[in-house]
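S.K.: Attaching a single structure in structure tokens format; questions to follow.
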Amino acid sequence: MPGTIIRSFSTPGDEPSGLAFDGRSLWHCDLTSDLIYQIDPATGTVIRSFSSPDSEPRGLAFDGRYLWLGGRNQAKLFQIDPATGTTIRSFSSPGGLPFGLAFDERALWVADFSDSKIYQVDPATGTIIRSFSTPGAGSRGIVFDGRCLWLQDSGTDLIYQIDPATGTIIRSFSTPGSLPQGLAFDGRCLWAVDYSNKLIYQLSV
């Protein structure tokens with residue numbers, strides 16, 4: 001069944017936010033510690049951590065080599081070297097609250113909480129390629145699975161599968177917790193983090 005919980009483990013911080021997967025590890029950020037964590041998905045163990053370039057780290061994505069972070073405080077998107085934690089560059093987010101980030105092998109996708117829009121952005125220039133409205137008003141995590149976008153919404157407590165070409169909702173199902181935040185995809189399963197119970201879930205889709 002879509003959305004079935006396979007397993008879960010506790011977040012390393014008290015205010016969990018963004019989530020990403022790099023092919024081997026989960027990456028996760030926290031609003032209290034202002035840290036970005038590398039996590040073993042098999043055990044939930046923190047491998048290492050480094051400071052976020054923004055005091056309110058939100059969305060996280062991995063582009064095959066670098067991490068991208070959406071920072072609420074500065075309303076910027078940061079490209080980060082995960083090996084060192086060094087910020088390579090940054091540019092303004094298309095919206096004021098970039099709560100979700102995804103990468104589709106060519107472009108970034110930004111789910112913005114302030115204006116309820118999903119933006120496709122050129123990662124080289126920060127230029128908006130296109131945008132469409134979100135299905136709810138509480139956009140949080142977003143991820144690309146190679147074909148479709150998946151979006152968590154804290155207003156509806158649903159995870160939506162979305163056609164990136166049209167913005168059309170393909171299907172939806174309930175989030176595993178009441179305050180969904182980040183979302184990641186490992187090639188087979190979704191990973192979702194929830195603020196209310198401070199858990200990271202692996203979900204079948």
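Labels for the structure tokens follow display order: chains A, B, ..., residues from 1 in each chain, ligands from 1.
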Among region 28-77 of chain A, which ones does DSSP assign to strand (DSSP E or B) (computed from the backbone)? Answer as a list in words.
M.R.: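 Here is the list: His28, Cys29, Asp30, Leu35, Ile36, Tyr37, Gln38, Ile39, Val46, Ile47, Arg48, Ser49, Phe50, Ser51, Pro57, Arg58, Gly59, Leu60, Ala61, Phe62, Leu67, Trp68, Leu69, Gly70, Gly71, Lys76 and Leu77 of chain A.
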S.K.: Name the residues in contact with Trp68 (chain A) at a cut-off of 8 Å, using only C-alpha atoms, excluding same-chain residues fewer than 2 positions from it; report them as a PDB file with N, CA and C atoms, in the first residue's frame.
M.R.:
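Final output, saved to around-v5.pdb:
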```pdb
ATOM      1  N   GLY A  59      14.729  23.376   3.461  1.00  0.00           N
ATOM      2  CA  GLY A  59      14.776  22.344   2.425  1.00  0.00           C
ATOM      3  C   GLY A  59      16.177  21.841   2.153  1.00  0.00           C
ATOM      4  N   LEU A  60      16.287  20.544   1.826  1.00  0.00           N
ATOM      5  CA  LEU A  60      17.562  19.941   1.452  1.00  0.00           C
ATOM      6  C   LEU A  60      17.392  19.123   0.179  1.00  0.00           C
ATOM      7  N   ALA A  61      18.416  19.127  -0.683  1.00  0.00           N
ATOM      8  CA  ALA A  61      18.428  18.295  -1.885  1.00  0.00           C
ATOM      9  C   ALA A  61      19.866  17.893  -2.179  1.00  0.00           C
ATOM     10  N   PHE A  62      20.035  16.836  -2.955  1.00  0.00           N
ATOM     11  CA  PHE A  62      21.355  16.391  -3.399  1.00  0.00           C
ATOM     12  C   PHE A  62      21.343  16.310  -4.913  1.00  0.00           C
ATOM     13  N   ASP A  63      22.358  16.890  -5.567  1.00  0.00           N
ATOM     14  CA  ASP A  63      22.354  16.968  -7.031  1.00  0.00           C
ATOM     15  C   ASP A  63      23.281  15.953  -7.703  1.00  0.00           C
ATOM     16  N   TYR A  66      26.700  17.737  -4.931  1.00  0.00           N
ATOM     17  CA  TYR A  66      26.591  18.739  -3.869  1.00  0.00           C
ATOM     18  C   TYR A  66      25.220  18.695  -3.197  1.00  0.00           C
ATOM     19  N   GLY A  70      17.834  25.208   1.441  1.00  0.00           N
ATOM     20  CA  GLY A  70      16.973  26.382   1.438  1.00  0.00           C
ATOM     21  C   GLY A  70      16.981  27.005   2.819  1.00  0.00           C
ATOM     22  N   LEU A  77      19.183  30.073  -1.487  1.00  0.00           N
ATOM     23  CA  LEU A  77      19.524  28.694  -1.771  1.00  0.00           C
ATOM     24  C   LEU A  77      21.033  28.585  -1.772  1.00  0.00           C
ATOM     25  N   PHE A  78      21.554  27.630  -0.998  1.00  0.00           N
ATOM     26  CA  PHE A  78      22.995  27.459  -0.828  1.00  0.00           C
ATOM     27  C   PHE A  78      23.451  26.142  -1.444  1.00  0.00           C
ATOM     28  N   GLN A  79      24.532  26.202  -2.219  1.00  0.00           N
ATOM     29  CA  GLN A  79      25.175  24.995  -2.725  1.00  0.00           C
ATOM     30  C   GLN A  79      26.326  24.664  -1.778  1.00  0.00           C
ATOM     31  N   ILE A  80      26.346  23.442  -1.259  1.00  0.00           N
ATOM     32  CA  ILE A  80      27.281  23.068  -0.195  1.00  0.00           C
ATOM     33  C   ILE A  80      28.067  21.821  -0.579  1.00  0.00           C
ATOM     34  N   LEU A 101      13.234  21.385  -1.175  1.00  0.00           N
ATOM     35  CA  LEU A 101      14.117  21.429  -2.338  1.00  0.00           C
ATOM     36  C   LEU A 101      14.241  20.038  -2.943  1.00  0.00           C
TER      37      LEU A 101
END
```
S.K.: Compare A:Phe103, A:Phe144, A:Phe50, A:Trp27 by their minimum atom-to-atom distance to Gly187 (chain A), counting only C-alpha atoms, and give me the closest one.
M.R.: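 The closest residue to Gly187 (chain A) is A:Phe144.
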S.K.: Contacts of Leu158 (chain A) at 7 Å or less, counting only C-alpha atoms, minus same-chain residues fewer than 5 places along, as a PyMOL selection string?
M.R.: chain A and resi 152-153+172-175
S.K.: For the residues in the current selection, export N, CA, C and O atoms as an mmCIF file, in the first residue's frame.
M.R.:
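As a result, result-v9.cif now contains:
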```cif
data_model
loop_
_atom_site.group_PDB
_atom_site.id
_atom_site.type_symbol
_atom_site.label_atom_id
_atom_site.label_comp_id
_atom_site.auth_asym_id
_atom_site.auth_seq_id
_atom_site.Cartn_x
_atom_site.Cartn_y
_atom_site.Cartn_z
ATOM 1 N N GLN A 152 5.204 16.987 0.416
ATOM 2 C CA GLN A 152 4.506 16.879 1.696
ATOM 3 C C GLN A 152 3.861 18.214 2.020
ATOM 4 O O GLN A 152 4.479 19.270 1.840
ATOM 5 N N ASP A 153 2.627 18.171 2.525
ATOM 6 C CA ASP A 153 1.914 19.389 2.888
ATOM 7 C C ASP A 153 1.434 19.295 4.325
ATOM 8 O O ASP A 153 0.732 18.347 4.700
ATOM 9 N N SER A 172 -2.503 10.831 -3.908
ATOM 10 C CA SER A 172 -2.049 11.330 -2.614
ATOM 11 C C SER A 172 -2.379 10.322 -1.529
ATOM 12 O O SER A 172 -3.253 9.462 -1.710
ATOM 13 N N PHE A 173 -1.674 10.415 -0.414
ATOM 14 C CA PHE A 173 -1.970 9.585 0.745
ATOM 15 C C PHE A 173 -1.516 10.326 1.998
ATOM 16 O O PHE A 173 -0.764 11.307 1.927
ATOM 17 N N SER A 174 -1.964 9.868 3.146
ATOM 18 C CA SER A 174 -1.706 10.560 4.414
ATOM 19 C C SER A 174 -0.239 10.498 4.813
ATOM 20 O O SER A 174 0.447 9.495 4.580
ATOM 21 N N THR A 175 0.229 11.574 5.431
ATOM 22 C CA THR A 175 1.579 11.597 5.986
ATOM 23 C C THR A 175 1.614 10.728 7.246
ATOM 24 O O THR A 175 0.592 10.542 7.916
#
```
S.K.: Would you give me, as a tab-separated table, each residue of region 149-177 of chain A having an atom within 12 Å of an atom of region 109-118 of chain A, along with its shortest atom pair and that distance in Å to one decimal, using only C-alpha atoms and sorting by chain and residue number?
M.R.:
```
residue	atom	partner	partner_atom	distance
A:Leu149	CA	A:Trp109	CA	9.0
A:Trp150	CA	A:Ala111	CA	10.5
A:Leu151	CA	A:Ala111	CA	8.1
A:Gln152	CA	A:Ala111	CA	9.5
A:Asp153	CA	A:Phe113	CA	9.4
A:Ser154	CA	A:Phe113	CA	9.9
A:Gly155	CA	A:Phe113	CA	10.5
A:Ile162	CA	A:Ile118	CA	10.7
A:Asp163	CA	A:Ile118	CA	11.8
A:Pro164	CA	A:Trp109	CA	9.5
A:Ala165	CA	A:Ile118	CA	11.8
A:Thr166	CA	A:Ile118	CA	11.3
A:Gly167	CA	A:Ile118	CA	8.6
A:Thr168	CA	A:Ile118	CA	11.9
```
S.K.: At a cut-off of 10 Å, using only C-alpha atoms, what residues contact Ser93 (chain A)? Leave out same-chain residues fewer than 4 positions from it and give the result as a VMD selection string.
M.R.: chain A and resid 70 to 72 74 to 78 97 to 98 110 112 119 121 126 to 128
S.K.: Can you write out the residues you just picked, keeping C-alpha atoms, as a PDB file, in the first residue's frame?
M.R.:
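So the final result, stored in result_18.pdb, reads:
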```pdb
ATOM      1  CA  GLY A  70      16.973  26.382   1.438  1.00  0.00           C
ATOM      2  CA  GLY A  71      17.513  28.939   4.213  1.00  0.00           C
ATOM      3  CA  ARG A  72      14.516  30.716   5.706  1.00  0.00           C
ATOM      4  CA  GLN A  74      18.256  34.747   4.414  1.00  0.00           C
ATOM      5  CA  ALA A  75      15.699  33.460   1.868  1.00  0.00           C
ATOM      6  CA  LYS A  76      18.561  31.972  -0.139  1.00  0.00           C
ATOM      7  CA  LEU A  77      19.524  28.694  -1.771  1.00  0.00           C
ATOM      8  CA  PHE A  78      22.995  27.459  -0.828  1.00  0.00           C
ATOM      9  CA  LEU A  97      10.208  30.505   2.561  1.00  0.00           C
ATOM     10  CA  PRO A  98      12.028  27.718   0.646  1.00  0.00           C
ATOM     11  CA  VAL A 110      11.703  24.782  -4.748  1.00  0.00           C
ATOM     12  CA  ASP A 112       7.795  27.667  -1.160  1.00  0.00           C
ATOM     13  CA  TYR A 119       9.358  26.685  -8.788  1.00  0.00           C
ATOM     14  CA  VAL A 121      15.004  26.934 -11.018  1.00  0.00           C
ATOM     15  CA  GLY A 126      19.004  31.006 -10.001  1.00  0.00           C
ATOM     16  CA  THR A 127      16.650  31.956 -12.854  1.00  0.00           C
ATOM     17  CA  ILE A 128      13.058  30.733 -12.576  1.00  0.00           C
TER      18      ILE A 128
END
```
S.K.: From the set A:Leu67, A:Leu203, A:Ala107, A:Ile5, which residue has the shortest atom-to-atom contact distance to Ile36 (chain A), counting only C-alpha atoms?
M.R.: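 That would be A:Leu67, the residue with the smallest distance to Ile36 (chain A).
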S.K.: Quick one: residues within 12 Å of Tyr195 (chain A), only C-alpha atoms counted, chain neighbours fewer than 4 positions away excluded, as JSON, numbers by chain?
M.R.: {"A": [10, 11, 12, 13, 14, 15, 16, 17, 18, 29, 30, 31, 32, 140, 141, 154, 175, 176, 177, 178, 179, 180, 181, 182, 199, 200, 201]}
S.K.: Please dump the current selection as a tab-separated table (two decimals), in the first residue's frame; keep C-alpha atoms.
M.R.:
```tsv
chain	number	residue	atom	x	y	z
A	10	SER	CA	14.38	9.29	15.97
A	11	THR	CA	15.77	12.52	14.54
A	12	PRO	CA	19.08	13.76	16.00
A	13	GLY	CA	17.63	17.19	16.93
A	14	ASP	CA	14.53	18.69	18.51
A	15	GLU	CA	13.25	20.68	15.49
A	16	PRO	CA	13.67	18.47	12.42
A	17	SER	CA	13.37	19.97	8.97
A	18	GLY	CA	14.83	19.09	5.54
A	29	CYS	CA	18.89	19.57	9.01
A	30	ASP	CA	17.58	20.82	12.34
A	31	LEU	CA	16.31	24.26	13.37
A	32	THR	CA	17.48	24.14	17.00
A	140	ARG	CA	7.15	21.34	3.12
A	141	GLY	CA	9.44	18.67	1.70
A	154	SER	CA	1.47	20.28	6.56
A	175	THR	CA	1.58	11.60	5.99
A	176	PRO	CA	2.85	9.33	8.79
A	177	GLY	CA	2.86	12.20	11.30
A	178	SER	CA	0.85	15.34	11.99
A	179	LEU	CA	3.59	17.93	11.17
A	180	PRO	CA	5.41	16.74	8.04
A	181	GLN	CA	8.67	18.38	7.07
A	182	GLY	CA	11.38	17.00	4.75
A	199	LEU	CA	10.80	10.64	13.68
A	200	ILE	CA	12.21	9.81	10.24
A	201	TYR	CA	10.10	7.25	8.37
```
S.K.: Quick one: pull the distance between CA of Thr4 (chain A) and CA of Val205 (chain A), Å, one decimal.
M.R.: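 Here the two named atoms are 7.5 Å from each other.
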